[in-house]
Structure formats: structure tokens, C-alpha cells
There are 2 protein chains.
Amino acid sequence: MTGSVTLHDVARRAGVSLATASRALNGSPNRVVREELRERVLRAAAELRYAPNAHAQAMARGRTNIVGLSLHDIADPYFSAVAAGVMREAEAHGLLVTMASTERRPGAETDYVGAFRRHWASVVIVVGSRTDDRAATDQLAEELAAFEAEGGRAVAVSQPRLPVDTISIDNHGGARDLGDALYDLGHRRFAVLAGPTDLLTATERVGGFREALALRGAQLAPEHIVSGPFTRDGGYEAMRRLLDRRPDVTCVFAVNDVMAVGAMAALRDAGVDLPAGMAVAGFDDIATLRDVSPGLTTVRIPLEEIGALAVRLALDDDVERPRLRRVGGEVVVRASTPAVAG
Amino acid sequence: MTGSVTLHDVARRAGVSLATASRALNGSPNRVVREELRERVLRAAAELRYAPNAHAQAMARGRTNIVGLSLHDIADPYFSAVAAGVMREAEAHGLLVTMASTERRPGAETDYVGAFRRHWASVVIVVGSRTDDRAATDQLAEELAAFEAEGGRAVAVSQPRLPVDTISIDNHGGARDLGDALYDLGHRRFAVLAGPTDLLTATERVGGFREALALRGAQLAPEHIVSGPFTRDGGYEAMRRLLDRRPDVTCVFAVNDVMAVGAMAALRDAGVDLPAGMAVAGFDDIATLRDVSPGLTTVRIPLEEIGALAVRLALDDDVERPRLRRVGGEVVVRASTPAVAG
DNA sequence: CCTCCTTGGGAAAGCGCTTACCGGGAACCG
DNA sequence: CGGTTCCCGGTAAGCGCTTTCCCAAGGAGG
């Protein structure tokens, strides 16, 4: 950028040296600037609309106020909720958030963490969950370790096996509780729209649900488990494939709300009456979807709070690290899963 | 950050000077580095896991690859869709997005643009629309002008009166078309949930809708226009207040989808049958809400495309500026607005 | 064999800031 | 009244990189 006003200009206009100008503007520790000079400097800065160069400050100070945030897709309400929490908390601490969307491209997290390293981010938050690609996870772990070795602080959300502070959503427990609740409503024959098989978030939810059913002796046949992307269309397609198998079930658990809504659309298109013809449950309790009709039974996850927690974890300097925080969910029963006769 | 590997380390390990190391890594223009040295440098860099310091590069080069994005609330699907477009396009150009959420706090945009200026962002995108606070707008205009004077490029979305490239959504025309479509379905007596009165996006939509009705001679009494925040709860509350007035209307236009969904919830809670008891229309065609039931009639706005366009506008160097791009919407009629007998 | 050009590496000057460190003057003490 | 402290402003050394400028070496041409 050309022509920007520098501290040099301010100092000259105020008739003081660079050092004094800097001290006047930053109020340097145990160092006083005479009130008169201070005011002269502040006035000059205001008159010139001086804006300190963040890069120069970063170089001189050796640190920044940047939070790097990597997530799968900001348009997905799950991630945008977490991002909102991160941004709210970051703002409260005077931090600026630099965000990168991996679009689920393998290895993208690692690239972005690298970018954040180059920018000397003081905090990096990685939100995601891929379980299959071991090599990619190892690379990410290595990059994060390098980042922390340089003095940065990293937090992973829903991404285990990383050598940093981790926030883990209790997908297993939430799905188990949901399974129990659905059983208690009288359902016995279930199907699951299982999401992507390589996403831990998805497989944990399937696992918890299966466990609940197994304990109660309810049915969940392998052919009643259909996988598919974590999207609306993924839910729609998975539901279609399930319907093709003419399953003898009364209740479908889609492992996230977005898929559940797609599934409901597929059911409607197939002429199934909702909720009477089929009970549908989701997971996450996405705010935007709280008013779908019939109201979607789901597991509420405090997504914004998780984002905020990630920032707080990164900022407090606890001695023993890495730490693991588990965040639980709460079953919310709505109209989409009516009680049925046992 | 301490302990990070610097170019100096790489140069020493490769047995060359800083200059050569830099040239080898960047492939400087009209300047050749002998292949053998080049390889030595690259190998050394890889072995040391060298990551160039972005701030040092910014200082030396006088520019950055940062896009600053300011919006109202990333958790709102309208803004997260635009943000997704910005990020996708930015990524394609090797840019990093730094994002700030104003939470609708007055003057926050100006603060954030200031922060982006300090970071020498090469592009700043402001998404928003506040019409009342003239002083705040002027300050923002001044800040953006200063930013562009320093060589940056700014783009405003839905925010007129700013001395920079602007993308304007045709709210008026979209709402007009929607009004026409609803009229053609047989509706004659309308109400509007008008959104915040200080948001241009909202008032333009009301204006366009009113114009369509006026032209056709349909009714839109002032007491049938209720304002409220652009949120789900805003829609719910506005609808409640409207119902208290026992309006004699067959169709409600909520000026965005999120409000429309809240309104539908309020109608259901009031025992109104949907869509038979009341037609409801929205605006935006939020992707996440495309499967609400009954399907919401709305005006589709290409939000992601608008985000991407903002980046492209900022990057191409057209001579004549500032430019104005108008983006239109398209009416999508779904089940929430059934035809009625004239 | 000498001069002129080309090739390509290195030294060093910044980019804009922070922060030791230095030093002059005033205040205070014996 | 000289010496010791403070107090507070200035000088300058970096932070890690890019890039201009200089210069040595080798090849071509006379």
C-alpha cells in the first residue's frame, strides 16, 4: 500500500521522536510520557488519521492478535454456528478471525494451518472430523505441533488424535439418549441415515444409537443403515434408497438435522404422511431448522458455546496440556416422532 | 513467536546468501538462479520445514493477500451464504479471508474496516444495509475512501451511498414480482412483516411489494404492515402482533425467509391451518429452508454468487470506478401460497 | 591478449514499528 | 555545592523478508 501515514509522520507533526510517539500511543509499561507531549502526539495521529501498520507491529512485537479458524463449509449451519461462537468470543478479546473453508478437501486443514502459521496467528482452531485418512491426520498433527512449538495455541473440535486441546462432542451419548427416547415412545423397528462413513461425528452417532437399541432389543438391521453425505441432498438420496428397500420400520434417525430435513422431503415426495407415516429424528438442533413442520426431534448441541469455549481454552494458560473437554447434548422431542402403540 | 525457522537459517544450511535463498524460493522475475543452488535451497527449506513469515513478506512487498469481510452475523444463513461465496472465490485466487461480525452494532463496520486497513488487506468487502444512521454511513464512506486511497479495493453489498464498487440486490423488483405472482394466485388482501425499518434491504422489499399491489388495486392497509427484527423470533412476534389485530387477509409477505418461518410457527401456534388458512411468502430462498413444509414461496437471490462476484469485482482492474452491479431475484412459488378463488 | 558484455551471487538498504539503551537536565541529599 | 538519583526524550538495533545495486568470473569479439 502506498501513501499510508506512518508513525514517522505523526512524530514529525507532533515534533517528537518516533520512540516518544510510539510510547504515547501505546502507553508503554513503566515508562511515562509527559502529558503535554502525549496530547500533541494523539492530536497529530487523529489529524493524520494514522492507522498503525499491523504487520510492522507484528514484526516488532513478535506476536499478533489473529485467530485462524479452519472448518469444512461456512454455508453449513452447523459450522456457521460454531464460527459465530468463535467470532463472538474472539471479538470480546480483541482478536481478529481469519477463516478458511476446506470444502472437505483432504489435506486442506494442514495447508490452512500452515497459512495461519505463516501469519503468526496466536490461536488456531480446527473444526472437523475425518477418521479414515490416517496420513492426513498425522500431517495435520505435525503441523499443529510445529505451530505450538512456535508459541501458538491450537484447539481441535471434533477431531481426535491431535496433540492439542480438544473439544469432543458426546455424539455417542447423545445418540444413545435419543435411541432410548424413541424406544420409550414405542418405536421398535428403526432405520438410520448414517452420514459419511469416514466422518467420526457420523459413525459415533450411529454407534451410540445402535448401542441403545441393542440394549433394549429393538431392531436395526444392517440393510436399514444407509450412508450418504452430510447434506440435505445426501439425506434425500439416502431416504430414497431406503424406501426402495421397502423397509418395515416406523422411525428413521438421520444423523444430522440437515439430512433429516432432506429425508422428510423424500418421504413427502413418496407420499408418506408425516409424522403419522414415519417418525423422523435428527441431531444438532440447528437453529434455522427449529421451525420445520412437523417439529424435528433431535439432540441439541450447544454449537455457539463450543466455538466460544474453543477460544477460551486457547487463551487461558493452564499448565497441563493438552486438555480434553467433553460437551454433551440434550434430547429434544418434538412432533416429528409421535408416540406409537407398543 | 519464538524459534521459527527463518530464511536466514535456510540460506545458511544451503550455503548461500539470503538473496539467493529468497530468489530460489520465489523465482524472482528476470533473474535466474542456477539450478543446482535452487535445489539446494529448496531441499534445505523442506528439511527445516521453513514457512516464510507473512508479516515480513507484507512489509517487504508492501502488499498482502488478505480479504477483509465485514457482515452482520455469520450465524444468519443469509450472510453465511454470501460468506461462502466470498471464501470460495478468495481461495481460488490464493487469498485468505479475515472476517468480522458486527452483530448489528452501529459503527462496527467502520471499526472493522479500520482493522483491515491496519492489516493492509488488499480487498475489503462490506455486506450490510443500514439506511438511517447517516453519520455512521459517512464515517464508513470516509474510512473506505482512505482504504482505497492507500491502494486497497473495496466492494459494498447492499449498502448504497458508499464511494466504492457496489453490488445491489434488486429487492424492489423481486418484491414487485412476488406481489404480482401472489395477486395472480387470487390473493387480494395482504399483510406484510416488514423487518427493521432502518434496513434498506427491508424497506425496499416492502416498497416493491406495495407498488405491485397498488398497481393492481389490491389492499395493503397500513395497520397490516408490522415491523420487527430480521430474525426467526422477529417474524414470530410480528405475526403475533398482526394476529392480535384480527386482520382480514389471506396472504402474509414476510420480507425474508427466516422471518417467514417464524411467522409460520406463530400461525400454527394460533391454530391456523397452513397453507389453507393463510398463505405465507418469504424472500431470499435460504438453502437450509428449502424443505420447510409447506414449501415456502419466496424470491431466490443468488447469495453465494454475490459473494463470489464481490471478490471478482475487487480483483479485476477496470478503469472506471466505482461501478454498480445490480443482481436480480427470481420468484419461486411453492406450496405455502396456494391459489385462492378470486 | 585485452576489452566488453553477460551471467549470477552477495551485500545492504529498506518496509514501519517496538524497545533496550543512552544521556542531559532537574531534583534531592549530605 | 558536588554527587547521586530520577525522569523522560532521543538514538538505534532489530523483527524477517525483498530487491536494488555492485562486483567477480567467464565467454565472446577484436
# chains A, B, ... in the order shown; residues from 1 in each chain; ligands from 1

call {"tool": "interface_residues", "arguments": {"of": "chain D", "to": "chain B", "cutoff": "9 Å", "atoms": "only C-alpha atoms (C1' of nucleotides)", "output": "list in words"}}
result
DC15, DG16, DC17, DT18 and DT19 of chain D

call {"tool": "closest_atom_pairs", "arguments": {"of": "chain B", "to": "chain A", "cutoff": "8 Å", "atoms": "only C-alpha atoms", "output": "CSV"}}
result
residue,atom,partner,partner_atom,distance
B:Met1,CA,A:Gly151,CA,5.3
B:Thr2,CA,A:Glu150,CA,5.3
B:Gly3,CA,A:Glu150,CA,5.7
B:Ser4,CA,A:Glu150,CA,5.8
B:Ala51,CA,A:Arg118,CA,5.9
B:Pro52,CA,A:Arg118,CA,5.9
B:Asn53,CA,A:Arg118,CA,4.9
B:Ala54,CA,A:His119,CA,5.1
B:His55,CA,A:His55,CA,4.9
B:Ala56,CA,A:Met59,CA,6.8
B:Ala58,CA,A:His55,CA,6.9
B:Met59,CA,A:His55,CA,6.6
B:Gly62,CA,A:Met1,CA,5.5
B:Arg63,CA,A:Met1,CA,5.8
B:Asp73,CA,A:Ala84,CA,7.4
B:Ile74,CA,A:Ala84,CA,5.7
B:Ala75,CA,A:Ser80,CA,5.2
B:Pro77,CA,A:Pro77,CA,7.1
B:Ser80,CA,A:Ala75,CA,5.2
B:Ala81,CA,A:Ala75,CA,5.3
B:Ala83,CA,A:Ile74,CA,7.3
B:Ala84,CA,A:Ala75,CA,5.6
B:Met87,CA,A:Ser101,CA,7.0
B:Arg88,CA,A:Ser101,CA,7.8
B:Leu96,CA,A:Ala100,CA,7.2
B:Val97,CA,A:Thr98,CA,5.7
B:Thr98,CA,A:Thr98,CA,4.0
B:Met99,CA,A:Val97,CA,5.7
B:Ala100,CA,A:Val97,CA,6.9
B:Ser101,CA,A:Met87,CA,7.0
B:Gly114,CA,A:Ala51,CA,7.5
B:Arg117,CA,A:Ala51,CA,7.5
B:Arg118,CA,A:Asn53,CA,4.9
B:His119,CA,A:Ala54,CA,5.0
B:Trp120,CA,A:Met1,CA,6.8
B:Ala149,CA,A:Gly3,CA,7.7
B:Glu150,CA,A:Met1,CA,5.3
B:Gly151,CA,A:Met1,CA,5.2
B:Gly152,CA,A:Met1,CA,7.1
B:Arg232,CA,A:Thr288,CA,7.9
B:Val258,CA,A:Thr288,CA,7.5
B:Val261,CA,A:Asp291,CA,6.4
B:Gly262,CA,A:Asp291,CA,6.9
B:Ala265,CA,A:Asp291,CA,6.2
B:Thr288,CA,A:Thr288,CA,7.4
B:Leu289,CA,A:Leu289,CA,7.2
B:Asp291,CA,A:Ala265,CA,6.2
B:Val292,CA,A:Val292,CA,5.1
B:Ser293,CA,A:Ser293,CA,5.6
B:Pro294,CA,A:Ser293,CA,7.9

call {"tool": "select_by_dssp", "arguments": {"residues": "segment 230-275 of chain A", "states": "helix (DSSP H, G or I)", "output": "list in words"}}
result
Arg232, Asp233, Gly234, Gly235, Tyr236, Glu237, Ala238, Met239, Arg240, Arg241, Leu242, Leu243, Asp244, Asp257, Val258, Met259, Ala260, Val261, Gly262, Ala263, Met264, Ala265, Ala266, Leu267, Arg268 and Asp269 of chain A

call {"tool": "select_by_dssp", "arguments": {"residues": "segment 199-323 of chain B", "states": "strand (DSSP E)", "output": "CSV table (one decimal) with N, CA and C atoms, in the first residue's frame"}}
result
chain,number,residue,atom,x,y,z
B,225,ILE,N,-49.1,-3.7,8.1
B,225,ILE,CA,-47.7,-3.7,8.0
B,225,ILE,C,-47.1,-3.7,9.4
B,226,VAL,N,-46.4,-4.7,9.7
B,226,VAL,CA,-45.8,-4.8,11.1
B,226,VAL,C,-44.3,-5.0,10.9
B,251,CYS,N,-53.1,-13.5,2.8
B,251,CYS,CA,-51.7,-13.7,2.5
B,251,CYS,C,-50.7,-12.8,3.2
B,252,VAL,N,-49.7,-13.4,3.8
B,252,VAL,CA,-48.7,-12.6,4.5
B,252,VAL,C,-47.4,-12.7,3.8
B,253,PHE,N,-46.7,-11.5,3.5
B,253,PHE,CA,-45.4,-11.5,3.0
B,253,PHE,C,-44.4,-11.1,4.1
B,254,ALA,N,-43.6,-12.0,4.4
B,254,ALA,CA,-42.5,-11.7,5.4
B,254,ALA,C,-41.3,-11.4,4.5
B,279,ALA,N,-51.8,-17.9,3.5
B,279,ALA,CA,-50.7,-18.0,2.6
B,279,ALA,C,-49.5,-17.2,3.2
B,280,VAL,N,-48.3,-17.8,3.0
B,280,VAL,CA,-47.1,-17.1,3.6
B,280,VAL,C,-46.0,-17.1,2.5
B,281,ALA,N,-45.4,-16.0,2.3
B,281,ALA,CA,-44.3,-15.9,1.4
B,281,ALA,C,-43.1,-15.2,2.0
B,298,THR,N,-41.0,-17.8,-2.3
B,298,THR,CA,-40.0,-16.8,-2.0
B,298,THR,C,-39.4,-16.2,-3.2
B,299,VAL,N,-38.4,-15.4,-3.1
B,299,VAL,CA,-37.7,-14.8,-4.2
B,299,VAL,C,-36.3,-15.3,-4.1
B,300,ARG,N,-35.8,-16.0,-5.1
B,300,ARG,CA,-34.5,-16.6,-5.0
B,300,ARG,C,-33.4,-15.5,-5.3

call {"tool": "interface_residues", "arguments": {"of": "chain C", "to": "chain A", "cutoff": "9 Å", "atoms": "only C-alpha atoms (C1' of nucleotides)", "output": "PyMOL selection string"}}
result
chain C and resi 15-19

call {"tool": "residues_around", "arguments": {"residues": "DC8 of chain D", "least_positions_apart": "5", "cutoff": "8 Å", "atoms": "only C-alpha atoms (C1' of nucleotides)", "output": "list in words"}}
result
Val32, Val33 and Arg34 of chain A

call {"tool": "closest_residue", "arguments": {"among": "B:Leu25, B:Leu267, B:Ser70, B:Gly207", "to": "Val124 of chain B", "atoms": "only C-alpha atoms"}}
result
B:Ser70

call {"tool": "residues_around", "arguments": {"residues": "Val157 of chain B", "least_positions_apart": "6", "cutoff": "9 Å", "atoms": "only C-alpha atoms (C1' of nucleotides)", "output": "PyMOL selection string"}}
result
chain B and resi 125-129+165-169+306-307+310

call {"tool": "residues_around", "arguments": {"residues": "segment 26-29 of chain D", "least_positions_apart": "3", "cutoff": "10 Å", "atoms": "only C-alpha atoms (C1' of nucleotides)", "output": "ChimeraX atom specification"}}
result
/C:3-7

call {"tool": "write_last_selection", "arguments": {"atoms": "all heavy atoms", "output": "mmCIF file, in the first residue's frame"}}
result
data_model
loop_
_atom_site.group_PDB
_atom_site.id
_atom_site.type_symbol
_atom_site.label_atom_id
_atom_site.label_comp_id
_atom_site.auth_asym_id
_atom_site.auth_seq_id
_atom_site.Cartn_x
_atom_site.Cartn_y
_atom_site.Cartn_z
ATOM 1 P P DT C 3 42.579 -3.671 -21.580
ATOM 2 O OP1 DT C 3 43.094 -2.284 -21.513
ATOM 3 O OP2 DT C 3 42.498 -4.527 -20.383
ATOM 4 O "O5'" DT C 3 41.127 -3.619 -22.244
ATOM 5 C "C5'" DT C 3 40.983 -3.114 -23.584
ATOM 6 C "C4'" DT C 3 39.573 -3.373 -24.059
ATOM 7 O "O4'" DT C 3 39.365 -4.785 -24.248
ATOM 8 C "C3'" DT C 3 38.477 -2.894 -23.108
ATOM 9 O "O3'" DT C 3 37.497 -2.191 -23.861
ATOM 10 C "C2'" DT C 3 37.934 -4.172 -22.500
ATOM 11 C "C1'" DT C 3 38.146 -5.168 -23.645
ATOM 12 N N1 DT C 3 38.270 -6.575 -23.229
ATOM 13 C C2 DT C 3 37.513 -7.511 -23.888
ATOM 14 O O2 DT C 3 36.739 -7.243 -24.762
ATOM 15 N N3 DT C 3 37.731 -8.809 -23.460
ATOM 16 C C4 DT C 3 38.590 -9.240 -22.474
ATOM 17 O O4 DT C 3 38.704 -10.426 -22.193
ATOM 18 C C5 DT C 3 39.352 -8.210 -21.828
ATOM 19 C C7 DT C 3 40.320 -8.561 -20.737
ATOM 20 C C6 DT C 3 39.162 -6.941 -22.226
ATOM 21 P P DC C 4 36.274 -1.426 -23.101
ATOM 22 O OP1 DC C 4 36.084 -0.139 -23.818
ATOM 23 O OP2 DC C 4 36.520 -1.460 -21.648
ATOM 24 O "O5'" DC C 4 35.044 -2.364 -23.421
ATOM 25 C "C5'" DC C 4 34.784 -2.768 -24.772
ATOM 26 C "C4'" DC C 4 33.629 -3.734 -24.765
ATOM 27 O "O4'" DC C 4 34.088 -5.029 -24.343
ATOM 28 C "C3'" DC C 4 32.493 -3.357 -23.818
ATOM 29 O "O3'" DC C 4 31.245 -3.553 -24.464
ATOM 30 C "C2'" DC C 4 32.672 -4.294 -22.633
ATOM 31 C "C1'" DC C 4 33.250 -5.533 -23.324
ATOM 32 N N1 DC C 4 34.062 -6.389 -22.446
ATOM 33 C C2 DC C 4 33.963 -7.784 -22.562
ATOM 34 O O2 DC C 4 33.174 -8.255 -23.387
ATOM 35 N N3 DC C 4 34.723 -8.570 -21.749
ATOM 36 C C4 DC C 4 35.542 -8.014 -20.873
ATOM 37 N N4 DC C 4 36.292 -8.832 -20.104
ATOM 38 C C5 DC C 4 35.678 -6.605 -20.736
ATOM 39 C C6 DC C 4 34.929 -5.821 -21.542
ATOM 40 P P DC C 5 29.881 -2.956 -23.824
ATOM 41 O OP1 DC C 5 29.179 -2.189 -24.874
ATOM 42 O OP2 DC C 5 30.205 -2.324 -22.525
ATOM 43 O "O5'" DC C 5 29.066 -4.292 -23.555
ATOM 44 C "C5'" DC C 5 28.916 -5.232 -24.624
ATOM 45 C "C4'" DC C 5 28.655 -6.602 -24.063
ATOM 46 O "O4'" DC C 5 29.784 -7.052 -23.292
ATOM 47 C "C3'" DC C 5 27.440 -6.699 -23.145
ATOM 48 O "O3'" DC C 5 26.507 -7.594 -23.741
ATOM 49 C "C2'" DC C 5 27.984 -7.257 -21.831
ATOM 50 C "C1'" DC C 5 29.304 -7.894 -22.255
ATOM 51 N N1 DC C 5 30.339 -7.908 -21.198
ATOM 52 C C2 DC C 5 30.826 -9.152 -20.758
ATOM 53 O O2 DC C 5 30.390 -10.192 -21.261
ATOM 54 N N3 DC C 5 31.793 -9.172 -19.802
ATOM 55 C C4 DC C 5 32.254 -8.027 -19.297
ATOM 56 N N4 DC C 5 33.213 -8.097 -18.370
ATOM 57 C C5 DC C 5 31.778 -6.762 -19.721
ATOM 58 C C6 DC C 5 30.822 -6.746 -20.664
ATOM 59 P P DT C 6 24.994 -7.675 -23.171
ATOM 60 O OP1 DT C 6 24.089 -7.819 -24.322
ATOM 61 O OP2 DT C 6 24.806 -6.586 -22.187
ATOM 62 O "O5'" DT C 6 25.047 -9.069 -22.400
ATOM 63 C "C5'" DT C 6 25.632 -10.204 -23.066
ATOM 64 C "C4'" DT C 6 25.845 -11.297 -22.046
ATOM 65 O "O4'" DT C 6 26.973 -10.973 -21.203
ATOM 66 C "C3'" DT C 6 24.654 -11.550 -21.116
ATOM 67 O "O3'" DT C 6 24.363 -12.941 -21.151
ATOM 68 C "C2'" DT C 6 25.163 -11.107 -19.754
ATOM 69 C "C1'" DT C 6 26.661 -11.348 -19.877
ATOM 70 N N1 DT C 6 27.543 -10.527 -19.003
ATOM 71 C C2 DT C 6 28.467 -11.175 -18.219
ATOM 72 O O2 DT C 6 28.603 -12.379 -18.191
ATOM 73 N N3 DT C 6 29.245 -10.326 -17.459
ATOM 74 C C4 DT C 6 29.192 -8.950 -17.407
ATOM 75 O O4 DT C 6 29.948 -8.318 -16.703
ATOM 76 C C5 DT C 6 28.200 -8.346 -18.255
ATOM 77 C C7 DT C 6 28.038 -6.864 -18.276
ATOM 78 C C6 DT C 6 27.409 -9.144 -19.004
ATOM 79 P P DT C 7 22.984 -13.509 -20.583
ATOM 80 O OP1 DT C 7 22.499 -14.542 -21.515
ATOM 81 O OP2 DT C 7 22.137 -12.371 -20.190
ATOM 82 O "O5'" DT C 7 23.469 -14.248 -19.258
ATOM 83 C "C5'" DT C 7 24.563 -15.148 -19.306
ATOM 84 C "C4'" DT C 7 25.020 -15.452 -17.908
ATOM 85 O "O4'" DT C 7 25.822 -14.359 -17.409
ATOM 86 C "C3'" DT C 7 23.886 -15.643 -16.893
ATOM 87 O "O3'" DT C 7 23.986 -16.934 -16.335
ATOM 88 C "C2'" DT C 7 24.109 -14.550 -15.861
ATOM 89 C "C1'" DT C 7 25.587 -14.236 -16.036
ATOM 90 N N1 DT C 7 25.990 -12.854 -15.656
ATOM 91 C C2 DT C 7 27.083 -12.681 -14.844
ATOM 92 O O2 DT C 7 27.742 -13.600 -14.418
ATOM 93 N N3 DT C 7 27.376 -11.364 -14.560
ATOM 94 C C4 DT C 7 26.702 -10.250 -14.993
ATOM 95 O O4 DT C 7 27.071 -9.137 -14.662
ATOM 96 C C5 DT C 7 25.566 -10.503 -15.836
ATOM 97 C C7 DT C 7 24.753 -9.376 -16.341
ATOM 98 C C6 DT C 7 25.261 -11.773 -16.126
#

call {"tool": "atom_distance", "arguments": {"atom1": "atom CA of Arg188 of chain A", "atom2": "atom CA of Pro222 of chain A"}}
result
15.0 Å

call {"tool": "atom_distance", "arguments": {"atom1": "atom CA of Gly174 of chain B", "atom2": "atom CA of Gly208 of chain B"}}
result
7.3 Å

call {"tool": "atom_distance", "arguments": {"atom1": "atom CA of Asp133 of chain B", "atom2": "atom CA of Ala260 of chain B"}}
result
26.6 Å
